[in-house]
Amino acid sequence: MAQVRKYLIAGNWKMNKTASDGADLIKGIIQEVGEQTEVGVAVCPPFTGLETAAEILEGVNNISLGAQNMHPEPEGAYTGEISAAMLRTLYVSFVILGHSERREYFGESDAFINQKVLAALESNLKPILCVGETLEQREDGHTLSVVSRQVNEGLKDVPKDKADQVVIAYEPIWAIGTGKTATPEMAQEVHGEIRSILVQLFGEATAKKIRILYGGSMKPANADELLAMKDIDGGLIGGASLDAKSFGKLVSSALAASRATA
Ligand code: 13P
């Protein structure tokens, strides 16, 4: 990957860890990540863990905090939901949007996810927009058309001057939590396609700055070869982010990849 982009390793904890268990994990991650600042690192605990995480991360400048979802409206009668402004008060800087689990289990559409992306940017949160195909879509040869639709619709009306705040995560659904990973070549093909859509939407110079993460059973054993690919700018990590040592090893892999291309 070219050096215009800083690698990002982001942990999506999903519905795991109480606030106090999360605190222990973050303390471990701080130890593992050390002082390095060449690779961006983010942890995304459940909502209930954000405040404790923010307290622990106060003064830690090389690990950012992310949330896993938010509602597009600034406030109102949306029982159970959280707004961008609420996240901002907890020093959150990233928010995962449109994860396949939200799309599948909570019926989130591209249009709704797009509203969230716009609202996040409006509040100076960096959206991590997740896209990816099902196994059936891949087997039917629809991977690129599905991902292209999700990227185009998810980023509709994003102003060009804010586009470099966006992070895309390509997560093939069949690789999430299954132990099956896309080969580096399979992932690069989709990442390359996403990059060309970004060029069409925002122009070459901006598209080059947008990070495209891979997600789906990324772990220390397979990270090096994925991170070596031209358009893979980091990882969105589920299972392996719940263990400080594994997560730290992924940060080390990104650091090595970053230095190799420097
Ligand atoms: P796993 O790393 O557990 O496959 O999860 C990936 C993911 O969904 C991250 O958002």
# chains A, B, ... in the order shown; residues from 1 in each chain; ligands from 1

call {"tool": "residues_near_ligand", "arguments": {"ligand": "ligand 1", "cutoff": "7 Å", "atoms": "only C-alpha atoms and all ligand atoms", "output": "list in words"}}
result
Asn12, His99, Glu171, Ala175, Ile176, Gly177, Thr178, Gly179, Gly215, Gly216, Ser217, Met218, Leu236, Ile237, Gly238, Gly239 and Ala240 of chain A

call {"tool": "write_last_selection", "arguments": {"atoms": "all heavy atoms", "output": "CSV table (one decimal), in the first residue's frame"}}
result
chain,number,residue,atom,x,y,z
A,12,ASN,N,-13.5,-4.7,16.2
A,12,ASN,CA,-14.9,-4.6,16.4
A,12,ASN,C,-15.3,-5.7,17.4
A,12,ASN,O,-15.3,-6.9,17.1
A,12,ASN,CB,-15.6,-4.9,15.1
A,12,ASN,CG,-17.1,-5.0,15.2
A,12,ASN,OD1,-17.7,-4.7,16.3
A,12,ASN,ND2,-17.8,-5.5,14.2
A,99,HIS,N,-22.6,-2.6,9.2
A,99,HIS,CA,-22.0,-4.0,9.3
A,99,HIS,C,-23.0,-5.0,8.8
A,99,HIS,O,-24.2,-4.8,9.0
A,99,HIS,CB,-21.6,-4.2,10.8
A,99,HIS,CG,-20.8,-5.4,10.9
A,99,HIS,ND1,-21.3,-6.7,10.9
A,99,HIS,CD2,-19.4,-5.6,11.1
A,99,HIS,CE1,-20.3,-7.6,11.0
A,99,HIS,NE2,-19.2,-6.9,11.1
A,171,GLU,N,-15.9,-6.7,3.9
A,171,GLU,CA,-16.0,-7.9,4.7
A,171,GLU,C,-16.9,-8.9,4.0
A,171,GLU,O,-18.2,-8.8,4.1
A,171,GLU,CB,-16.7,-7.5,6.1
A,171,GLU,CG,-15.9,-6.5,6.9
A,171,GLU,CD,-16.2,-6.6,8.4
A,171,GLU,OE1,-17.4,-6.6,8.8
A,171,GLU,OE2,-15.3,-6.6,9.1
A,175,ALA,N,-16.8,-15.0,5.2
A,175,ALA,CA,-15.5,-15.0,5.9
A,175,ALA,C,-15.6,-14.6,7.3
A,175,ALA,O,-14.7,-14.7,8.1
A,175,ALA,CB,-14.5,-14.2,5.1
A,176,ILE,N,-16.8,-14.0,7.7
A,176,ILE,CA,-16.9,-13.4,9.0
A,176,ILE,C,-17.2,-14.5,10.1
A,176,ILE,O,-18.2,-15.2,10.0
A,176,ILE,CB,-18.0,-12.4,9.1
A,176,ILE,CG1,-17.7,-11.2,8.2
A,176,ILE,CG2,-18.3,-11.9,10.5
A,176,ILE,CD1,-18.7,-10.1,8.1
A,177,GLY,N,-16.2,-14.7,11.0
A,177,GLY,CA,-16.4,-15.6,12.1
A,177,GLY,C,-16.4,-17.0,11.7
A,177,GLY,O,-16.8,-17.9,12.5
A,178,THR,N,-16.0,-17.3,10.5
A,178,THR,CA,-16.0,-18.7,10.0
A,178,THR,C,-14.7,-19.4,9.9
A,178,THR,O,-14.6,-20.6,9.7
A,178,THR,CB,-16.6,-18.7,8.5
A,178,THR,OG1,-15.7,-17.8,7.7
A,178,THR,CG2,-18.0,-18.2,8.5
A,179,GLY,N,-13.6,-18.5,10.1
A,179,GLY,CA,-12.3,-19.1,9.9
A,179,GLY,C,-11.9,-19.1,8.4
A,179,GLY,O,-10.7,-19.4,8.1
A,215,GLY,N,-12.0,-7.2,6.3
A,215,GLY,CA,-12.5,-7.9,7.5
A,215,GLY,C,-13.0,-9.2,7.2
A,215,GLY,O,-13.6,-9.4,6.1
A,216,GLY,N,-12.9,-10.2,8.1
A,216,GLY,CA,-13.4,-11.5,7.9
A,216,GLY,C,-12.3,-12.5,8.2
A,216,GLY,O,-11.4,-12.8,7.4
A,217,SER,N,-12.3,-13.0,9.5
A,217,SER,CA,-11.3,-14.0,10.0
A,217,SER,C,-9.9,-13.5,9.8
A,217,SER,O,-9.0,-14.3,9.5
A,217,SER,CB,-11.5,-15.4,9.3
A,217,SER,OG,-12.8,-15.8,9.7
A,218,MET,N,-9.6,-12.2,9.9
A,218,MET,CA,-8.2,-11.8,9.8
A,218,MET,C,-7.6,-12.1,11.2
A,218,MET,O,-8.2,-11.8,12.2
A,218,MET,CB,-8.1,-10.3,9.5
A,218,MET,CG,-6.7,-9.9,9.1
A,218,MET,SD,-6.5,-8.1,9.0
A,218,MET,CE,-6.2,-7.8,7.3
A,236,LEU,N,-10.5,-4.7,9.8
A,236,LEU,CA,-11.5,-4.6,10.8
A,236,LEU,C,-11.7,-6.0,11.4
A,236,LEU,O,-12.0,-6.9,10.7
A,236,LEU,CB,-12.8,-4.1,10.2
A,236,LEU,CG,-14.0,-3.9,11.1
A,236,LEU,CD1,-13.7,-2.9,12.2
A,236,LEU,CD2,-15.2,-3.4,10.4
A,237,ILE,N,-11.3,-6.1,12.7
A,237,ILE,CA,-11.1,-7.4,13.3
A,237,ILE,C,-12.1,-7.7,14.3
A,237,ILE,O,-12.4,-6.9,15.2
A,237,ILE,CB,-9.7,-7.4,14.0
A,237,ILE,CG1,-8.6,-6.6,13.3
A,237,ILE,CG2,-9.2,-8.8,14.4
A,237,ILE,CD1,-8.2,-7.1,11.9
A,238,GLY,N,-12.7,-8.9,14.1
A,238,GLY,CA,-13.7,-9.3,15.1
A,238,GLY,C,-13.0,-10.2,16.2
A,238,GLY,O,-12.4,-9.7,17.1
A,239,GLY,N,-13.1,-11.5,16.0
A,239,GLY,CA,-12.6,-12.5,17.0
A,239,GLY,C,-11.2,-12.1,17.6
A,239,GLY,O,-11.0,-12.1,18.8
A,240,ALA,N,-10.3,-11.9,16.7
A,240,ALA,CA,-8.9,-11.7,17.1
A,240,ALA,C,-8.7,-10.3,17.8
A,240,ALA,O,-7.6,-10.1,18.4
A,240,ALA,CB,-7.9,-11.8,15.9

call {"tool": "residues_around", "arguments": {"residues": "region 58-62 of chain A", "least_positions_apart": "3", "cutoff": "7 Å", "atoms": "only C-alpha atoms", "output": "PyMOL selection string"}}
result
chain A and resi 37+40-41+54-55

call {"tool": "closest_residue", "arguments": {"among": "A:Arg102, A:Lys208, A:Lys116, A:Lys162", "to": "Glu73 (chain A)", "atoms": "only C-alpha atoms"}}
result
A:Lys116

call {"tool": "closest_residue", "arguments": {"among": "A:Gly11, A:Gly28, A:Pro159, A:Gly80", "to": "Ile96 (chain A)", "atoms": "only C-alpha atoms"}}
result
A:Gly11

call {"tool": "select_by_dssp", "arguments": {"residues": "region 28-259 of chain A", "states": "alpha helix (DSSP H)", "output": "PyMOL selection string"}}
result
chain A and resi 28-33+47-57+84-89+100-105+110-122+135-139+143-154+184-202+204-207+220-227+244-259

call {"tool": "closest_atom_pairs", "arguments": {"of": "region 57-161 of chain A", "to": "region 180-196 of chain A", "cutoff": "9 Å", "atoms": "only C-alpha atoms", "output": "tab-separated table"}}
result
residue	atom	partner	partner_atom	distance
A:Thr143	CA	A:Val190	CA	8.0
A:Leu144	CA	A:Val190	CA	6.6
A:Val147	CA	A:Ile194	CA	7.7
A:Ser148	CA	A:Ile194	CA	6.9
A:Val151	CA	A:Ile194	CA	7.4

call {"tool": "select_by_dssp", "arguments": {"residues": "region 10-179 of chain A", "states": "strand (DSSP E)", "output": "mmCIF file with all heavy atoms, in the first residue's frame"}}
result
data_model
loop_
_atom_site.group_PDB
_atom_site.id
_atom_site.type_symbol
_atom_site.label_atom_id
_atom_site.label_comp_id
_atom_site.auth_asym_id
_atom_site.auth_seq_id
_atom_site.Cartn_x
_atom_site.Cartn_y
_atom_site.Cartn_z
ATOM 1 N N ALA A 10 -8.559 -1.863 13.331
ATOM 2 C CA ALA A 10 -9.697 -1.517 14.189
ATOM 3 C C ALA A 10 -10.333 -2.795 14.727
ATOM 4 O O ALA A 10 -10.559 -3.747 13.965
ATOM 5 C CB ALA A 10 -10.724 -0.709 13.395
ATOM 6 N N GLY A 11 -10.582 -2.823 16.019
ATOM 7 C CA GLY A 11 -11.199 -3.987 16.659
ATOM 8 C C GLY A 11 -12.694 -3.766 16.822
ATOM 9 O O GLY A 11 -13.111 -2.815 17.470
ATOM 10 N N ASN A 12 -13.471 -4.655 16.214
ATOM 11 C CA ASN A 12 -14.925 -4.615 16.403
ATOM 12 C C ASN A 12 -15.264 -5.687 17.427
ATOM 13 O O ASN A 12 -15.276 -6.877 17.108
ATOM 14 C CB ASN A 12 -15.621 -4.891 15.056
ATOM 15 C CG ASN A 12 -17.130 -5.019 15.207
ATOM 16 O OD1 ASN A 12 -17.671 -4.727 16.276
ATOM 17 N ND2 ASN A 12 -17.802 -5.450 14.155
ATOM 18 N N GLY A 40 -2.512 3.446 12.580
ATOM 19 C CA GLY A 40 -3.679 3.867 13.351
ATOM 20 C C GLY A 40 -4.300 2.648 14.020
ATOM 21 O O GLY A 40 -4.362 1.565 13.435
ATOM 22 N N VAL A 41 -4.734 2.817 15.257
ATOM 23 C CA VAL A 41 -5.348 1.714 16.006
ATOM 24 C C VAL A 41 -6.658 2.236 16.598
ATOM 25 O O VAL A 41 -6.705 3.346 17.117
ATOM 26 C CB VAL A 41 -4.418 1.238 17.150
ATOM 27 C CG1 VAL A 41 -5.066 0.115 17.947
ATOM 28 C CG2 VAL A 41 -3.062 0.794 16.609
ATOM 29 N N ALA A 42 -7.710 1.431 16.500
ATOM 30 C CA ALA A 42 -8.992 1.821 17.103
ATOM 31 C C ALA A 42 -9.634 0.615 17.761
ATOM 32 O O ALA A 42 -9.497 -0.509 17.273
ATOM 33 C CB ALA A 42 -9.922 2.396 16.036
ATOM 34 N N VAL A 43 -10.302 0.861 18.869
ATOM 35 C CA VAL A 43 -11.098 -0.190 19.517
ATOM 36 C C VAL A 43 -12.554 0.258 19.536
ATOM 37 O O VAL A 43 -12.854 1.419 19.797
ATOM 38 C CB VAL A 43 -10.621 -0.507 20.956
ATOM 39 C CG1 VAL A 43 -9.271 -1.196 20.939
ATOM 40 C CG2 VAL A 43 -10.556 0.739 21.840
ATOM 41 N N CYS A 44 -13.445 -0.681 19.237
ATOM 42 C CA CYS A 44 -14.880 -0.361 19.157
ATOM 43 C C CYS A 44 -15.658 -1.272 20.103
ATOM 44 O O CYS A 44 -16.162 -2.337 19.703
ATOM 45 C CB CYS A 44 -15.382 -0.546 17.729
ATOM 46 S SG CYS A 44 -14.409 0.325 16.475
ATOM 47 N N SER A 64 -7.495 5.083 19.137
ATOM 48 C CA SER A 64 -8.761 5.822 19.054
ATOM 49 C C SER A 64 -9.912 4.942 19.499
ATOM 50 O O SER A 64 -9.807 3.716 19.531
ATOM 51 C CB SER A 64 -9.029 6.253 17.610
ATOM 52 O OG SER A 64 -7.972 7.000 17.114
ATOM 53 N N LEU A 65 -11.018 5.624 19.773
ATOM 54 C CA LEU A 65 -12.212 4.917 20.213
ATOM 55 C C LEU A 65 -13.244 4.949 19.090
ATOM 56 O O LEU A 65 -13.410 5.968 18.405
ATOM 57 C CB LEU A 65 -12.739 5.632 21.462
ATOM 58 C CG LEU A 65 -13.776 4.940 22.308
ATOM 59 C CD1 LEU A 65 -13.333 3.541 22.729
ATOM 60 C CD2 LEU A 65 -14.072 5.795 23.549
ATOM 61 N N GLY A 66 -13.909 3.825 18.910
ATOM 62 C CA GLY A 66 -14.977 3.769 17.904
ATOM 63 C C GLY A 66 -16.221 3.155 18.502
ATOM 64 O O GLY A 66 -16.152 2.421 19.494
ATOM 65 N N ALA A 67 -17.373 3.473 17.899
ATOM 66 C CA ALA A 67 -18.639 2.835 18.283
ATOM 67 C C ALA A 67 -19.041 1.888 17.156
ATOM 68 O O ALA A 67 -18.453 1.906 16.076
ATOM 69 C CB ALA A 67 -19.704 3.886 18.512
ATOM 70 N N PHE A 94 -14.462 7.134 15.641
ATOM 71 C CA PHE A 94 -14.925 6.302 14.519
ATOM 72 C C PHE A 94 -16.297 5.708 14.852
ATOM 73 O O PHE A 94 -16.610 5.511 16.030
ATOM 74 C CB PHE A 94 -13.974 5.117 14.289
ATOM 75 C CG PHE A 94 -12.618 5.494 13.736
ATOM 76 C CD1 PHE A 94 -11.534 5.703 14.586
ATOM 77 C CD2 PHE A 94 -12.418 5.626 12.368
ATOM 78 C CE1 PHE A 94 -10.278 6.042 14.085
ATOM 79 C CE2 PHE A 94 -11.174 5.964 11.861
ATOM 80 C CZ PHE A 94 -10.103 6.179 12.707
ATOM 81 N N VAL A 95 -17.062 5.397 13.800
ATOM 82 C CA VAL A 95 -18.288 4.637 14.040
ATOM 83 C C VAL A 95 -18.476 3.644 12.891
ATOM 84 O O VAL A 95 -18.421 4.018 11.719
ATOM 85 C CB VAL A 95 -19.522 5.550 14.247
ATOM 86 C CG1 VAL A 95 -19.780 6.476 13.064
ATOM 87 C CG2 VAL A 95 -20.765 4.725 14.556
ATOM 88 N N ILE A 96 -18.623 2.379 13.270
ATOM 89 C CA ILE A 96 -18.858 1.322 12.278
ATOM 90 C C ILE A 96 -20.310 1.448 11.809
ATOM 91 O O ILE A 96 -21.224 1.520 12.632
ATOM 92 C CB ILE A 96 -18.634 -0.076 12.908
ATOM 93 C CG1 ILE A 96 -17.184 -0.229 13.383
ATOM 94 C CG2 ILE A 96 -19.005 -1.185 11.931
ATOM 95 C CD1 ILE A 96 -16.942 -1.484 14.245
ATOM 96 N N LEU A 97 -20.513 1.496 10.515
ATOM 97 C CA LEU A 97 -21.876 1.629 9.976
ATOM 98 C C LEU A 97 -22.126 0.573 8.909
ATOM 99 O O LEU A 97 -21.240 0.262 8.115
ATOM 100 C CB LEU A 97 -22.080 3.037 9.393
ATOM 101 C CG LEU A 97 -21.968 4.183 10.412
ATOM 102 C CD1 LEU A 97 -22.067 5.535 9.708
ATOM 103 C CD2 LEU A 97 -23.032 4.071 11.497
ATOM 104 N N LYS A 126 -15.725 9.667 12.061
ATOM 105 C CA LYS A 126 -15.270 8.991 10.846
ATOM 106 C C LYS A 126 -16.057 7.691 10.676
ATOM 107 O O LYS A 126 -15.900 6.768 11.487
ATOM 108 C CB LYS A 126 -13.780 8.646 10.957
ATOM 109 C CG LYS A 126 -12.860 9.850 11.070
ATOM 110 C CD LYS A 126 -11.403 9.380 11.052
ATOM 111 C CE LYS A 126 -10.423 10.513 11.195
ATOM 112 N NZ LYS A 126 -10.313 11.043 12.561
ATOM 113 N N PRO A 127 -16.883 7.611 9.630
ATOM 114 C CA PRO A 127 -17.644 6.370 9.445
ATOM 115 C C PRO A 127 -16.768 5.258 8.886
ATOM 116 O O PRO A 127 -15.930 5.496 8.014
ATOM 117 C CB PRO A 127 -18.719 6.757 8.410
ATOM 118 C CG PRO A 127 -18.279 8.020 7.778
ATOM 119 C CD PRO A 127 -17.210 8.641 8.640
ATOM 120 N N ILE A 128 -16.940 4.057 9.413
ATOM 121 C CA ILE A 128 -16.329 2.862 8.808
ATOM 122 C C ILE A 128 -17.473 2.129 8.112
ATOM 123 O O ILE A 128 -18.265 1.429 8.767
ATOM 124 C CB ILE A 128 -15.649 1.960 9.859
ATOM 125 C CG1 ILE A 128 -14.571 2.737 10.641
ATOM 126 C CG2 ILE A 128 -15.043 0.722 9.195
ATOM 127 C CD1 ILE A 128 -13.865 1.933 11.746
ATOM 128 N N LEU A 129 -17.632 2.366 6.841
ATOM 129 C CA LEU A 129 -18.754 1.807 6.085
ATOM 130 C C LEU A 129 -18.422 0.379 5.655
ATOM 131 O O LEU A 129 -17.450 0.157 4.929
ATOM 132 C CB LEU A 129 -19.029 2.681 4.848
ATOM 133 C CG LEU A 129 -20.021 2.106 3.837
ATOM 134 C CD1 LEU A 129 -21.421 1.988 4.435
ATOM 135 C CD2 LEU A 129 -20.054 2.949 2.560
ATOM 136 N N CYS A 130 -19.231 -0.569 6.131
ATOM 137 C CA CYS A 130 -18.959 -1.981 5.835
ATOM 138 C C CYS A 130 -19.763 -2.444 4.622
ATOM 139 O O CYS A 130 -20.961 -2.147 4.506
ATOM 140 C CB CYS A 130 -19.342 -2.862 7.019
ATOM 141 S SG CYS A 130 -18.476 -2.450 8.527
ATOM 142 N N VAL A 131 -19.090 -3.165 3.762
ATOM 143 C CA VAL A 131 -19.734 -3.726 2.574
ATOM 144 C C VAL A 131 -19.243 -5.161 2.410
ATOM 145 O O VAL A 131 -18.199 -5.523 2.953
ATOM 146 C CB VAL A 131 -19.385 -2.900 1.312
ATOM 147 C CG1 VAL A 131 -19.869 -1.463 1.446
ATOM 148 C CG2 VAL A 131 -17.875 -2.917 1.019
ATOM 149 N N VAL A 167 -13.852 5.655 6.001
ATOM 150 C CA VAL A 167 -13.099 4.401 5.899
ATOM 151 C C VAL A 167 -14.086 3.375 5.350
ATOM 152 O O VAL A 167 -15.248 3.361 5.763
ATOM 153 C CB VAL A 167 -12.584 3.941 7.284
ATOM 154 C CG1 VAL A 167 -11.851 2.615 7.187
ATOM 155 C CG2 VAL A 167 -11.701 5.009 7.921
ATOM 156 N N ILE A 168 -13.638 2.559 4.407
ATOM 157 C CA ILE A 168 -14.490 1.472 3.909
ATOM 158 C C ILE A 168 -13.931 0.167 4.474
ATOM 159 O O ILE A 168 -12.715 0.005 4.568
ATOM 160 C CB ILE A 168 -14.438 1.373 2.361
ATOM 161 C CG1 ILE A 168 -14.671 2.735 1.701
ATOM 162 C CG2 ILE A 168 -15.385 0.308 1.832
ATOM 163 C CD1 ILE A 168 -16.077 3.135 1.498
ATOM 164 N N ALA A 169 -14.838 -0.735 4.865
ATOM 165 C CA ALA A 169 -14.376 -2.075 5.265
ATOM 166 C C ALA A 169 -15.031 -3.093 4.352
ATOM 167 O O ALA A 169 -16.265 -3.192 4.314
ATOM 168 C CB ALA A 169 -14.719 -2.357 6.720
ATOM 169 N N TYR A 170 -14.206 -3.831 3.601
ATOM 170 C CA TYR A 170 -14.733 -4.917 2.783
ATOM 171 C C TYR A 170 -14.729 -6.178 3.627
ATOM 172 O O TYR A 170 -13.667 -6.670 4.027
ATOM 173 C CB TYR A 170 -13.893 -5.111 1.516
ATOM 174 C CG TYR A 170 -14.238 -6.405 0.805
ATOM 175 C CD1 TYR A 170 -15.551 -6.663 0.403
ATOM 176 C CD2 TYR A 170 -13.280 -7.393 0.566
ATOM 177 C CE1 TYR A 170 -15.894 -7.851 -0.208
ATOM 178 C CE2 TYR A 170 -13.609 -8.588 -0.053
ATOM 179 C CZ TYR A 170 -14.922 -8.810 -0.432
ATOM 180 O OH TYR A 170 -15.273 -10.003 -1.029
#
